[in-house]
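Structure record follows, encoded as C-alpha cells.
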There are 2 protein chains.
Amino acid sequence: MSYFDAASAVPLHPVARQALLASIDEGWADPARLYREGRRARMLIDAAREAAAEAVGCRADELVFTSSGTRAVHSGVAGALAGRRRVGRHLIVSSVEHSSVLHSAEVFEADGGVVTRVPVLRSGAVTVESYEETLRSDTALACLQSANHEVGTEQPVAAVAEVCREAGVPLLVDAAQSLGWGPVEGPWSLLTASAHKWGGPSGVGLLVVRKGVRFAPRGPVDERESGRAAGFENIPAIVAAAASLRAVRAEAVAEAVRLRELTERIRARVPDLVPDVEVVGDPERRLPGVVTFSCLYVDGETLLHELDRAGFSVSSGSSCTSSTLTPSHVLKAMGVLSEGNVRVSLPPGTAEEDVERFLAVLPGAVAGVREKLGAPAPTAVVREHELVVDSLGKLCPIPVIELAKVIGDVPVGGTVRVLSDDEAARLDIPAWCAMRGQEYMGEEPADRGSAYVVRRLV
Amino acid sequence: MSYFDAASAVPLHPVARQALLASIDEGWADPARLYREGRRARMLIDAAREAAAEAVGCRADELVFTSSGTRAVHSGVAGALAGRRRVGRHLIVSSVEHSSVLHSAEVFEADGGVVTRVPVLRSGAVTVESYEETLRSDTALACLQSANHEVGTEQPVAAVAEVCREAGVPLLVDAAQSLGWGPVEGPWSLLTASAHKWGGPSGVGLLVVRKGVRFAPRGPVDERESGRAAGFENIPAIVAAAASLRAVRAEAVAEAVRLRELTERIRARVPDLVPDVEVVGDPERRLPGVVTFSCLYVDGETLLHELDRAGFSVSSGSSCTSSTLTPSHVLKAMGVLSEGNVRVSLPPGTAEEDVERFLAVLPGAVAGVREKLGAPAPTAVVREHELVVDSLGKLCPIPVIELAKVIGDVPVGGTVRVLSDDEAARLDIPAWCAMRGQEYMGEEPADRGSAYVVRRLV
C-alpha cells in the first residue's frame with residue numbers, strides 16, 4: 001500500500017511513538033495537583049510547551065494545547081472575535097479556508113456578525129490587495145491559511161499579516177498544512193495547527209495567541225490551559241506532538257526538496273500520461289508534498305476506488321464521492337474543474353518507486369473509469385439553431401460527458417444548451433470550455449435545474 | 001509512593017496500555033476516508049463504540065466520543081438546552097455537581113436562562129423530593145451526578161430520573177466517578193463520562209444522548225461523531241478507553257468489595273487516631289474507593305505537602321490550597337468543615353498495607369501541622385459581655401484556631417465574636433460549633449469582613 005493522503009493525516013512519526021510510550025506512564029496525572037505525580041505531569045507539559053513554542057516562534061505562555069486543530073480554530077476565532085467585539089463585528093476569511101474556519105464564520109454570521117469571503121485566483125491564492133481592500137474600521141479579525149489543504153497553494157501570509165498589522169487588525173493563521181515544514185513568517189496575531197498533520201498523534205492541536213491580542217475565551221469557564229482549552233490535558237499525546245514537531249523540523253529542509261521533486265514529476269507527467277487532465281494549484285508557491293489534478297469524464301469516487309484497489313490511498317474534492325454531493329468549496333472558489341479530482345499528498349519518506357508506480361497505474365485507472373461511464377448516448381434534440389441536451393437527474397461527470405459527445409454535432413458558431421440539476425455542472429461545464437477552447441456563454445434558469453449554454457468555437 | 005487520588009485521575013490500566021499500543025499503528029488515518037487505512041480506522045472506532053455502548057447500556061448510535069469528560073458535559077448541557085429551547089429556559093442542577101456542569105449553568109444564566117441549584121443534605125446527597133419540587137413546565141433539562149467527586153456520596157439517580165421522566169424533562173447524568181463501577185440505572189436521557197477516571201487514557205470522554213431526546217449541537221458545524229464532537233477522532237485513545245472500560249468492569253464487583261473495606265477502615269479509624277476530625281459524605285451510599293475528612297486547626301495545603309513528603313498523593317477541598325482561595329463548593333453546599341480537608345480516593349489495586357501505612361502516618365502529619373500553626377496568641381478584647389477576636393487578614397484555619405483558644409475565657413452563656421475576612425470562616429466556624437457543641441448564633445456585617453458570633457454552651 002502507498003498512502004498518499006498526508007494532507008488528511010500523516011502516519012505517526014517514530015519519534016512521536018517513542019515519546020508517547022516514554023510519557024504514557026508518567027503523564028497520566030493531573031498537572032494542577034501539587035503531589036509528586038502531578039508535578040511530574042506538569043514538568044512534562046511545560047517542557048512540551050517550550051518545545052512547541054520554539055518551533056512556532058512564540059513565547060511558551062502564548063501557546064496552549066487543544067484537543068484538535070479544529071478545536072484550536074473554533075476557540076481561536078470565537079475568542080478573538082469576542083475579545084474585539086467593541087471594535088466591531090466584521091470578519092474576513094479567504095474563500096478557500098478549511099471548513100473549521102468557514103463553519104466558525106457561519107456561526108458568527110448567524111449571531112449577527114458580518115463576514116467577507118475573499119476570492120482567490122485560479123491558482124488558489126489570495127492577493128494581498130484583496131485583503132487590504134477588505135479591511136474596515138470595524139474589522140475584528142482576519143483569517144488566512146498558510147497553505148491550502150486541497151491544492152497545496154501557499155498563501156502570501158507574511159504580506160497579509162503586514163497589512164493587517166498596519167490596519168490594527170489581528171490575523172489568525174491556520175497553519176495546519178505547513179507547520180511541520182517551518183514557522184509562519186510575518187506579524188501574525190493568532191496561529192492554529194494540528195499535530196496529526198505533521199506526524200504527531202491525534203488529539204492535539206495548538207492555539208497561539210500573541211501577547212497583547214485581545215482574546216476572550218468562549219464557553220463555560222475552565223481553568224486548564226490558561227482558560228483557552230477546556231478539559232483534562234492529554235499529556236502523553238502533547239509530549240509526543242512536541243517531540244515529533246522538533247523531529248520533523250530537523251528533517252524538513254532535505255525532505256521538502258525530495259518531495260517537491262516527486263510532486264513536480266507528477267505535475268509534469270500526468271498531463272502527458274492521461275488525456276484531458278487539468279493540474280490545479282500554484283506550480284511554484286506550493287507545499288512540497290501536495291499535487292492535485294482533475295480528470296475530465298471521470299467520477300471521483302470510482303477513480304478513488306480503482307486507485308485503492310491498485311494500492312494507492314488518495315483523496316478527492318469531487319462532488320461524486322460518497323460523503324458529499326457538492327464539489328469542494330476550494331475547487332469551486334478557484335473556478336477549476338472538479339470532476340475526477342485527485343489530491344495526492346505525499347507523507348515524508350515517500351519512496352520514489354511508489355510515485356513511479358502511481359504514474360504507471362494512473363492512466364489505466366482513469367481509462368477504465370471513462371470506459372465504464374462513456375457508454376450511454378446523450379438525449380439531444382435540435383431546437384432552431386441550437387442543440388439541447390437533457391442531462392437532468394444525471395450526476396457528475398455525466399453532464400460534461402454528454403456535452404463533449406454532442407459538441408461536434410453543431411456547426412462552429414452554434415450553441416449547445418445542457419440541462420442539468422447537478423451542482424457540479426455549474427463548475428465543470430465552464431471548466432471544460434476553458435480546457436477545450438469553447439465559449440461558455442452562461443447559465444440560465446430552467447424548469448428544473450439550470451441550462452448551461454456553450455458556443456462551439458473549434 | 002502511594003497514589004490516593006483516583007477521583008482526579010486513575011493510572012493507565014494495563015489493558016488500556018495494550019490497546020493503545022495495538023491500535024497506534026492502525027488508528028491514525030481519517031475514518032471518513034474510503035481507502036484501506038480509513039476503513040481500518042473506521043472499523044476500530046465502530047468496534048470501540050459498540051463496546052462502550054454495551055458497558056453504558058445504550059445503543060451504539062446514541063454514543064459519541066468527545067475529547068474529555070468536561071467537553072462531554074459542555075456539549076451535552078448546551079445541546080440539550082438548545083434542543084428544548086421552545087419548551088423553556090429553566091435548568092436544574094444539584095449544588096454539588098462537577099465544575100463543568102456548574103460552569104455550563106453559568107453560561108446559560110449569562111445568556112438569559114434560569115438556573116435552580118438544588119441543595120443537598122449534610123451527607124452530600126440530594127433528595128428525590130427536592131428535584132420533584134423543582135421541576136417546572138418550562139424546565140428544559142435537569143442534571144445530576146451519579147456520585148460526588150469530592151466526598152463519594154452516591155446520588156439517587158434512578159429515582160430522580162423517574163420523576164424527571166414523569167415530568168417529561170430529560171435528565172443528564174454526569175457519571176464520571178461511577179461508570180467504571182457499573183452502568184447508571186433508571187430512565188436517564190443523557191450521560192457523560194471520562195475515560196481517565198476509570199483507567200483509560202486522557203483525551204477521551206463519552207456523551208450519550210438517548211434516541212428521542214431533542215438535541216441541537218452548539219458551535220460550528222463539524223460532521224465528525226454525528227455532529228456532536230468536533231475535531232479529528234483520537235482513535236487509538238478511543239480504542240484504549242473502550243477496552244479498559246470492559247476490563248475494569250470485569251474486575252469491578254470484587255474490587256469494589258475490597259476497596260470499600262479499605263475506605264471503611266479509614267472512615268472508622270481516622271476519628272480515633274486524629275483528634276478533632278470530621279469524616280464527611282454518606283457512610284453507606286458511597287463510591288467504593290473514596291473517603292473524605294476534615295481536620296480542625298489544620299491548613300490543607302501544608303497537610304497535603306506533609307503527606308506528599310511521607311509518600312501519599314491525596315487532594316483537598318480546603319480553601320487553603322494554592323490553586324484556590326475559597327473552600328470547595330461541595331463542602332460548602334454540605335455545610336461541613338472545610339479546613340484541613342483531605343480526600344483519599346483509592347485506585348483499583350490499592351494494597352492494604354499502603355492504607356495501613358497511611359493510617360500510621362496521618363496522626364503525626366496532622367499533629368505537625370497543628371504544632372506549626374498553633375503558636376500565635378489571639379488578639380482578643382472584652383467588650384461588655386462578649387469577647388471580640390480580631391482575625392482580620394488571617395487565613396483558614398487561623399480564625400477557627402483563635403476561636404478555639406479563647407472560648408474558655410468567656411463564661412458559659414457568654415459570646416465570642418470572631419472578626420474575619422476569610423471566606424472559609426463562613427463555613428468553618430459553624431462547622432466547628434457543631435463539632436464542639438457550641439451555639440453558632442450567626443454572621444453580622446462588620447467594617448471589614450464579617451463578625452461570626454458564637455455562644456459558649458459547654
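Following the order of the C-alpha cells, chains are lettered A, B, ..., residues in each are numbered from 1, and ligands are numbered from 1.
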
### Task
May I ask you to extract the residues of chain A within 6 Å of chain B, using only C-alpha atoms, and to give them as a list in words?
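That gives the following set of residues: Ala9, Ala29, Tyr35, Ser68, Thr70, His103, Ser104, Val107, Ser202, Gly203, Pro220, Val221, Gly231, Asn234, Asp308 and Ser313 of chain A.
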
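By chain and then residue number, the residues within 12 Å of segment 443-445 of chain A are Val416, Arg417, Val418, Leu419, Ser420, Asp421, Ala425, Arg426, Leu427, Ile429, Pro430, Tyr440, Arg448, Gly449, Ser450, Ala451, Tyr452, Val453 and Val454 of chain A, counting only C-alpha atoms and disregarding those fewer than 3 positions away in sequence.
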
Just write the chosen residues, N, CA, C and O atoms, as a compact mmCIF listing (two decimals), in the first residue's frame.
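Done, and the output landed in again.txt:
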```txt
# COMPACT_ATOMS: atom_id res chain seq x y z
N VAL A 416 -24.77 24.76 -27.77
CA VAL A 416 -25.34 23.59 -27.08
C VAL A 416 -25.85 24.08 -25.73
O VAL A 416 -25.18 24.83 -25.04
N ARG A 417 -27.07 23.66 -25.39
CA ARG A 417 -27.68 24.02 -24.12
C ARG A 417 -27.80 22.73 -23.30
O ARG A 417 -28.51 21.82 -23.70
N VAL A 418 -27.06 22.68 -22.19
CA VAL A 418 -27.08 21.47 -21.36
C VAL A 418 -28.01 21.70 -20.17
O VAL A 418 -27.78 22.63 -19.38
N LEU A 419 -29.06 20.89 -20.06
CA LEU A 419 -29.96 20.99 -18.91
C LEU A 419 -29.45 20.06 -17.81
O LEU A 419 -29.28 18.87 -18.04
N SER A 420 -29.18 20.64 -16.63
CA SER A 420 -28.63 19.80 -15.56
C SER A 420 -29.09 20.31 -14.21
O SER A 420 -29.22 21.52 -13.99
N ASP A 421 -29.36 19.39 -13.31
CA ASP A 421 -29.68 19.76 -11.93
C ASP A 421 -28.59 19.27 -10.97
O ASP A 421 -28.81 19.19 -9.77
N ALA A 425 -22.15 20.61 -12.21
CA ALA A 425 -22.16 21.10 -13.60
C ALA A 425 -21.82 22.58 -13.66
O ALA A 425 -21.16 23.06 -14.58
N ARG A 426 -22.27 23.31 -12.66
CA ARG A 426 -22.03 24.76 -12.60
C ARG A 426 -20.53 25.07 -12.63
O ARG A 426 -20.11 26.11 -13.13
N LEU A 427 -19.76 24.19 -12.06
CA LEU A 427 -18.31 24.38 -12.02
C LEU A 427 -17.64 23.71 -13.23
O LEU A 427 -16.73 24.25 -13.84
N ILE A 429 -18.81 22.57 -16.29
CA ILE A 429 -19.06 22.93 -17.70
C ILE A 429 -18.20 24.14 -18.11
O ILE A 429 -17.51 24.08 -19.14
N PRO A 430 -18.17 25.21 -17.30
CA PRO A 430 -17.22 26.29 -17.66
C PRO A 430 -15.77 25.82 -17.70
O PRO A 430 -15.01 26.23 -18.57
N TYR A 440 -17.97 29.53 -23.05
CA TYR A 440 -19.05 29.33 -22.08
C TYR A 440 -19.86 30.61 -22.05
O TYR A 440 -19.35 31.68 -21.70
N ARG A 448 -36.42 22.77 -14.53
CA ARG A 448 -35.72 22.03 -13.48
C ARG A 448 -34.24 22.33 -13.63
O ARG A 448 -33.73 22.33 -14.75
N GLY A 449 -33.53 22.57 -12.55
CA GLY A 449 -32.09 22.84 -12.61
C GLY A 449 -31.79 24.09 -13.42
O GLY A 449 -32.55 25.06 -13.39
N SER A 450 -30.71 24.04 -14.16
CA SER A 450 -30.27 25.19 -14.95
C SER A 450 -29.94 24.74 -16.37
O SER A 450 -29.72 23.56 -16.63
N ALA A 451 -29.91 25.73 -17.28
CA ALA A 451 -29.42 25.48 -18.64
C ALA A 451 -28.05 26.14 -18.76
O ALA A 451 -27.91 27.32 -18.46
N TYR A 452 -27.05 25.36 -19.15
CA TYR A 452 -25.70 25.88 -19.32
C TYR A 452 -25.45 25.99 -20.83
O TYR A 452 -25.54 24.98 -21.54
N VAL A 453 -25.14 27.19 -21.28
CA VAL A 453 -25.08 27.42 -22.72
C VAL A 453 -23.61 27.54 -23.17
O VAL A 453 -22.84 28.30 -22.61
N VAL A 454 -23.28 26.75 -24.19
CA VAL A 454 -21.90 26.69 -24.70
C VAL A 454 -21.92 26.94 -26.21
O VAL A 454 -22.73 26.35 -26.93
```

Based on the backbone DSSP call, show me all residues of segment 256-321 of chain B assigned alpha helix (DSSP H), as a JSON list (two decimals) with all heavy atoms, in the first residue's frame.
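Below is the file that was written, out13.json:
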```
[["chain", "number", "residue", "atom", "x", "y", "z"],
["B", 256, "ALA", "N", -14.66, -3.62, 44.16],
["B", 256, "ALA", "CA", -15.50, -2.71, 44.95],
["B", 256, "ALA", "C", -15.58, -3.19, 46.40],
["B", 256, "ALA", "O", -15.49, -2.39, 47.34],
["B", 256, "ALA", "CB", -16.89, -2.60, 44.34],
["B", 257, "VAL", "N", -15.73, -4.47, 46.58],
["B", 257, "VAL", "CA", -15.81, -5.03, 47.94],
["B", 257, "VAL", "C", -14.50, -4.75, 48.68],
["B", 257, "VAL", "O", -14.51, -4.31, 49.83],
["B", 257, "VAL", "CB", -16.07, -6.55, 47.87],
["B", 257, "VAL", "CG1", -15.92, -7.20, 49.26],
["B", 257, "VAL", "CG2", -17.45, -6.82, 47.29],
["B", 258, "ARG", "N", -13.40, -4.98, 48.00],
["B", 258, "ARG", "CA", -12.10, -4.81, 48.63],
["B", 258, "ARG", "C", -11.83, -3.34, 49.00],
["B", 258, "ARG", "O", -11.45, -3.03, 50.13],
["B", 258, "ARG", "CB", -11.03, -5.30, 47.64],
["B", 258, "ARG", "CG", -9.82, -5.98, 48.27],
["B", 258, "ARG", "CD", -8.86, -6.47, 47.18],
["B", 258, "ARG", "NE", -8.36, -5.37, 46.37],
["B", 258, "ARG", "CZ", -7.37, -4.55, 46.76],
["B", 258, "ARG", "NH1", -6.79, -4.71, 47.92],
["B", 258, "ARG", "NH2", -6.99, -3.56, 45.98],
["B", 259, "LEU", "N", -12.07, -2.43, 48.04],
["B", 259, "LEU", "CA", -11.82, -1.01, 48.32],
["B", 259, "LEU", "C", -12.78, -0.46, 49.36],
["B", 259, "LEU", "O", -12.41, 0.37, 50.19],
["B", 259, "LEU", "CB", -11.93, -0.18, 47.04],
["B", 259, "LEU", "CG", -10.84, -0.36, 45.98],
["B", 259, "LEU", "CD1", -10.99, 0.69, 44.88],
["B", 259, "LEU", "CD2", -9.44, -0.28, 46.58],
["B", 260, "ARG", "N", -14.02, -0.95, 49.33],
["B", 260, "ARG", "CA", -15.00, -0.49, 50.32],
["B", 260, "ARG", "C", -14.54, -0.84, 51.73],
["B", 260, "ARG", "O", -14.67, -0.05, 52.66],
["B", 260, "ARG", "CB", -16.36, -1.12, 50.00],
["B", 260, "ARG", "CG", -17.51, -0.57, 50.83],
["B", 260, "ARG", "CD", -18.85, -1.11, 50.33],
["B", 260, "ARG", "NE", -19.22, -0.53, 49.05],
["B", 260, "ARG", "CZ", -19.82, 0.67, 48.93],
["B", 260, "ARG", "NH1", -20.11, 1.38, 49.99],
["B", 260, "ARG", "NH2", -20.14, 1.13, 47.75],
["B", 261, "GLU", "N", -13.95, -2.00, 51.86],
["B", 261, "GLU", "CA", -13.44, -2.40, 53.18],
["B", 261, "GLU", "C", -12.28, -1.48, 53.59],
["B", 261, "GLU", "O", -12.21, -1.05, 54.75],
["B", 261, "GLU", "CB", -13.00, -3.87, 53.12],
["B", 261, "GLU", "CG", -12.79, -4.51, 54.48],
["B", 261, "GLU", "CD", -11.43, -4.17, 55.10],
["B", 261, "GLU", "OE1", -10.42, -4.18, 54.35],
["B", 261, "GLU", "OE2", -11.39, -3.87, 56.31],
["B", 262, "LEU", "N", -11.42, -1.15, 52.63],
["B", 262, "LEU", "CA", -10.27, -0.27, 52.96],
["B", 262, "LEU", "C", -10.73, 1.13, 53.32],
["B", 262, "LEU", "O", -10.21, 1.75, 54.27],
["B", 262, "LEU", "CB", -9.29, -0.24, 51.79],
["B", 262, "LEU", "CG", -8.56, -1.56, 51.48],
["B", 262, "LEU", "CD1", -7.66, -1.41, 50.24],
["B", 262, "LEU", "CD2", -7.74, -2.02, 52.67],
["B", 263, "THR", "N", -11.69, 1.68, 52.58],
["B", 263, "THR", "CA", -12.16, 3.03, 52.92],
["B", 263, "THR", "C", -12.96, 3.01, 54.21],
["B", 263, "THR", "O", -12.92, 3.98, 54.98],
["B", 263, "THR", "CB", -13.00, 3.65, 51.77],
["B", 263, "THR", "OG1", -13.96, 2.69, 51.32],
["B", 263, "THR", "CG2", -12.10, 4.05, 50.61],
["B", 264, "GLU", "N", -13.66, 1.92, 54.47],
["B", 264, "GLU", "CA", -14.40, 1.80, 55.73],
["B", 264, "GLU", "C", -13.42, 1.85, 56.91],
["B", 264, "GLU", "O", -13.68, 2.45, 57.95],
["B", 264, "GLU", "CB", -15.21, 0.49, 55.75],
["B", 264, "GLU", "CG", -16.11, 0.32, 56.96],
["B", 264, "GLU", "CD", -17.03, 1.54, 57.18],
["B", 264, "GLU", "OE1", -17.61, 2.02, 56.20],
["B", 264, "GLU", "OE2", -17.11, 2.01, 58.33],
["B", 265, "ARG", "N", -12.29, 1.21, 56.71],
["B", 265, "ARG", "CA", -11.24, 1.21, 57.72],
["B", 265, "ARG", "C", -10.79, 2.66, 58.01],
["B", 265, "ARG", "O", -10.62, 3.04, 59.17],
["B", 265, "ARG", "CB", -10.05, 0.41, 57.17],
["B", 265, "ARG", "CG", -9.33, -0.39, 58.19],
["B", 265, "ARG", "CD", -8.17, -1.13, 57.56],
["B", 265, "ARG", "NE", -8.56, -2.36, 56.87],
["B", 265, "ARG", "CZ", -7.67, -3.30, 56.52],
["B", 265, "ARG", "NH1", -6.39, -3.16, 56.81],
["B", 265, "ARG", "NH2", -8.06, -4.40, 55.89],
["B", 266, "ILE", "N", -10.59, 3.43, 56.96],
["B", 266, "ILE", "CA", -10.18, 4.83, 57.14],
["B", 266, "ILE", "C", -11.29, 5.62, 57.82],
["B", 266, "ILE", "O", -11.05, 6.36, 58.78],
["B", 266, "ILE", "CB", -9.81, 5.47, 55.77],
["B", 266, "ILE", "CG1", -8.61, 4.74, 55.15],
["B", 266, "ILE", "CG2", -9.50, 6.97, 55.94],
["B", 266, "ILE", "CD1", -8.26, 5.17, 53.73],
["B", 267, "ARG", "N", -12.51, 5.43, 57.34],
["B", 267, "ARG", "CA", -13.67, 6.13, 57.94],
["B", 267, "ARG", "C", -13.74, 5.86, 59.44],
["B", 267, "ARG", "O", -13.99, 6.76, 60.24],
["B", 267, "ARG", "CB", -14.99, 5.65, 57.32],
["B", 267, "ARG", "CG", -15.24, 6.04, 55.90],
["B", 267, "ARG", "CD", -16.69, 5.70, 55.49],
["B", 267, "ARG", "NE", -17.62, 6.61, 56.11],
["B", 267, "ARG", "CZ", -17.99, 7.78, 55.60],
["B", 267, "ARG", "NH1", -17.52, 8.17, 54.43],
["B", 267, "ARG", "NH2", -18.82, 8.58, 56.24],
["B", 268, "ALA", "N", -13.54, 4.60, 59.80],
["B", 268, "ALA", "CA", -13.72, 4.21, 61.20],
["B", 268, "ALA", "C", -12.54, 4.63, 62.06],
["B", 268, "ALA", "O", -12.73, 5.05, 63.21],
["B", 268, "ALA", "CB", -13.93, 2.68, 61.29],
["B", 269, "ARG", "N", -11.35, 4.51, 61.53],
["B", 269, "ARG", "CA", -10.18, 4.70, 62.40],
["B", 269, "ARG", "C", -9.62, 6.10, 62.47],
["B", 269, "ARG", "O", -9.01, 6.48, 63.48],
["B", 269, "ARG", "CB", -9.10, 3.68, 62.01],
["B", 269, "ARG", "CG", -9.49, 2.29, 62.56],
["B", 269, "ARG", "CD", -8.61, 1.19, 62.06],
["B", 269, "ARG", "NE", -7.20, 1.46, 62.26],
["B", 269, "ARG", "CZ", -6.22, 0.77, 61.67],
["B", 269, "ARG", "NH1", -6.54, -0.22, 60.83],
["B", 269, "ARG", "NH2", -4.96, 1.07, 61.89],
["B", 270, "VAL", "N", -9.82, 6.91, 61.41],
["B", 270, "VAL", "CA", -9.27, 8.27, 61.44],
["B", 270, "VAL", "C", -9.77, 9.06, 62.66],
["B", 270, "VAL", "O", -8.97, 9.71, 63.35],
["B", 270, "VAL", "CB", -9.52, 9.00, 60.11],
["B", 270, "VAL", "CG1", -9.37, 10.51, 60.27],
["B", 270, "VAL", "CG2", -8.55, 8.49, 59.06],
["B", 271, "PRO", "N", -11.08, 9.01, 62.99],
["B", 271, "PRO", "CA", -11.52, 9.80, 64.15],
["B", 271, "PRO", "C", -10.89, 9.33, 65.47],
["B", 271, "PRO", "O", -10.78, 10.13, 66.41],
["B", 271, "PRO", "CB", -13.04, 9.56, 64.18],
["B", 271, "PRO", "CG", -13.39, 9.19, 62.78],
["B", 271, "PRO", "CD", -12.21, 8.41, 62.27],
["B", 272, "ASP", "N", -10.50, 8.07, 65.54],
["B", 272, "ASP", "CA", -9.82, 7.59, 66.76],
["B", 272, "ASP", "C", -8.35, 8.00, 66.77],
["B", 272, "ASP", "O", -7.78, 8.29, 67.81],
["B", 272, "ASP", "CB", -9.89, 6.05, 66.84],
["B", 272, "ASP", "CG", -11.31, 5.58, 67.06],
["B", 272, "ASP", "OD1", -12.13, 6.39, 67.55],
["B", 272, "ASP", "OD2", -11.60, 4.41, 66.74],
["B", 273, "LEU", "N", -7.76, 8.01, 65.59],
["B", 273, "LEU", "CA", -6.31, 8.28, 65.51],
["B", 273, "LEU", "C", -5.99, 9.76, 65.57],
["B", 273, "LEU", "O", -4.93, 10.15, 66.06],
["B", 273, "LEU", "CB", -5.76, 7.71, 64.18],
["B", 273, "LEU", "CG", -5.77, 6.19, 64.05],
["B", 273, "LEU", "CD1", -5.50, 5.79, 62.60],
["B", 273, "LEU", "CD2", -4.71, 5.59, 64.97],
["B", 300, "GLY", "N", -4.97, 22.99, 54.79],
["B", 300, "GLY", "CA", -4.99, 21.89, 53.84],
["B", 300, "GLY", "C", -3.72, 21.75, 53.03],
["B", 300, "GLY", "O", -3.19, 20.65, 52.85],
["B", 301, "GLU", "N", -3.18, 22.87, 52.55],
["B", 301, "GLU", "CA", -2.02, 22.79, 51.68],
["B", 301, "GLU", "C", -0.79, 22.24, 52.42],
["B", 301, "GLU", "O", -0.05, 21.40, 51.89],
["B", 301, "GLU", "CB", -1.69, 24.15, 51.07],
["B", 301, "GLU", "CG", -0.49, 24.08, 50.15],
["B", 301, "GLU", "CD", -0.49, 25.18, 49.10],
["B", 301, "GLU", "OE1", -1.56, 25.79, 48.89],
["B", 301, "GLU", "OE2", 0.54, 25.41, 48.49],
["B", 302, "THR", "N", -0.61, 22.70, 53.66],
["B", 302, "THR", "CA", 0.54, 22.21, 54.42],
["B", 302, "THR", "C", 0.39, 20.71, 54.71],
["B", 302, "THR", "O", 1.36, 19.96, 54.61],
["B", 302, "THR", "CB", 0.68, 23.00, 55.74],
["B", 302, "THR", "OG1", 0.64, 24.39, 55.43],
["B", 302, "THR", "CG2", 1.97, 22.68, 56.44],
["B", 303, "LEU", "N", -0.83, 20.30, 55.04],
["B", 303, "LEU", "CA", -1.05, 18.88, 55.31],
["B", 303, "LEU", "C", -0.79, 18.04, 54.05],
["B", 303, "LEU", "O", -0.15, 16.98, 54.11],
["B", 303, "LEU", "CB", -2.48, 18.66, 55.82],
["B", 303, "LEU", "CG", -2.86, 17.21, 56.14],
["B", 303, "LEU", "CD1", -1.88, 16.58, 57.15],
["B", 303, "LEU", "CD2", -4.29, 17.13, 56.69],
["B", 304, "LEU", "N", -1.26, 18.52, 52.89],
["B", 304, "LEU", "CA", -1.02, 17.80, 51.64],
["B", 304, "LEU", "C", 0.49, 17.68, 51.38],
["B", 304, "LEU", "O", 0.97, 16.63, 50.93],
["B", 304, "LEU", "CB", -1.66, 18.55, 50.46],
["B", 304, "LEU", "CG", -2.94, 17.93, 49.89],
["B", 304, "LEU", "CD1", -3.93, 17.64, 50.98],
["B", 304, "LEU", "CD2", -3.56, 18.84, 48.84],
["B", 305, "HIS", "N", 1.20, 18.75, 51.68],
["B", 305, "HIS", "CA", 2.65, 18.75, 51.49],
["B", 305, "HIS", "C", 3.32, 17.73, 52.42],
["B", 305, "HIS", "O", 4.19, 16.96, 52.00],
["B", 305, "HIS", "CB", 3.18, 20.16, 51.74],
["B", 305, "HIS", "CG", 4.63, 20.30, 51.50],
["B", 305, "HIS", "ND1", 5.18, 20.19, 50.24],
["B", 305, "HIS", "CD2", 5.66, 20.52, 52.35],
["B", 305, "HIS", "CE1", 6.49, 20.33, 50.33],
["B", 305, "HIS", "NE2", 6.82, 20.54, 51.60],
["B", 306, "GLU", "N", 2.87, 17.70, 53.67],
["B", 306, "GLU", "CA", 3.43, 16.73, 54.63],
["B", 306, "GLU", "C", 3.15, 15.30, 54.17],
["B", 306, "GLU", "O", 4.03, 14.43, 54.26],
["B", 306, "GLU", "CB", 2.81, 16.94, 56.03],
["B", 306, "GLU", "CG", 3.28, 18.20, 56.73],
["B", 306, "GLU", "CD", 4.79, 18.22, 56.93],
["B", 306, "GLU", "OE1", 5.35, 17.18, 57.32],
["B", 306, "GLU", "OE2", 5.40, 19.27, 56.64],
["B", 307, "LEU", "N", 1.93, 15.05, 53.71],
["B", 307, "LEU", "CA", 1.56, 13.70, 53.26],
["B", 307, "LEU", "C", 2.35, 13.33, 52.00],
["B", 307, "LEU", "O", 2.77, 12.19, 51.83],
["B", 307, "LEU", "CB", 0.05, 13.60, 53.03],
["B", 307, "LEU", "CG", -0.78, 13.65, 54.32],
["B", 307, "LEU", "CD1", -2.28, 13.78, 53.99],
["B", 307, "LEU", "CD2", -0.54, 12.39, 55.17],
["B", 308, "ASP", "N", 2.55, 14.30, 51.11],
["B", 308, "ASP", "CA", 3.34, 14.05, 49.91],
["B", 308, "ASP", "C", 4.77, 13.66, 50.29],
["B", 308, "ASP", "O", 5.34, 12.71, 49.74],
["B", 308, "ASP", "CB", 3.34, 15.31, 49.03],
["B", 308, "ASP", "CG", 4.17, 15.15, 47.76],
["B", 308, "ASP", "OD1", 4.03, 14.11, 47.08],
["B", 308, "ASP", "OD2", 4.95, 16.06, 47.45],
["B", 309, "ARG", "N", 5.32, 14.36, 51.27],
["B", 309, "ARG", "CA", 6.68, 14.03, 51.74],
["B", 309, "ARG", "C", 6.74, 12.63, 52.33],
["B", 309, "ARG", "O", 7.75, 11.95, 52.23],
["B", 309, "ARG", "CB", 7.15, 15.05, 52.78],
["B", 309, "ARG", "CG", 7.64, 16.32, 52.14],
["B", 309, "ARG", "CD", 8.07, 17.39, 53.13],
["B", 309, "ARG", "NE", 8.35, 16.90, 54.46],
["B", 309, "ARG", "CZ", 9.36, 17.32, 55.23],
["B", 309, "ARG", "NH1", 10.20, 18.23, 54.76],
["B", 309, "ARG", "NH2", 9.51, 16.86, 56.45]]
```

### Task
Work out how far atom CA of Cys295 of chain A is from atom CA of Leu337 of chain A, in Å to one decimal.
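Computing it gives 8.0 Å between the two atoms.
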
### Query
Hey, what's within 9 Å of segment 171-181 of chain B if we count only C-alpha atoms and toss same-chain stuff fewer than 3 positions away? As a PyMOL selection string, please?
chain B and resi 7+55-56+69+73+76-77+80+97-98+101+141-149+152+154+157+160-161+164-165+184+187-195+197-199+205+209+245-246+248-249+251-253+256+287-288
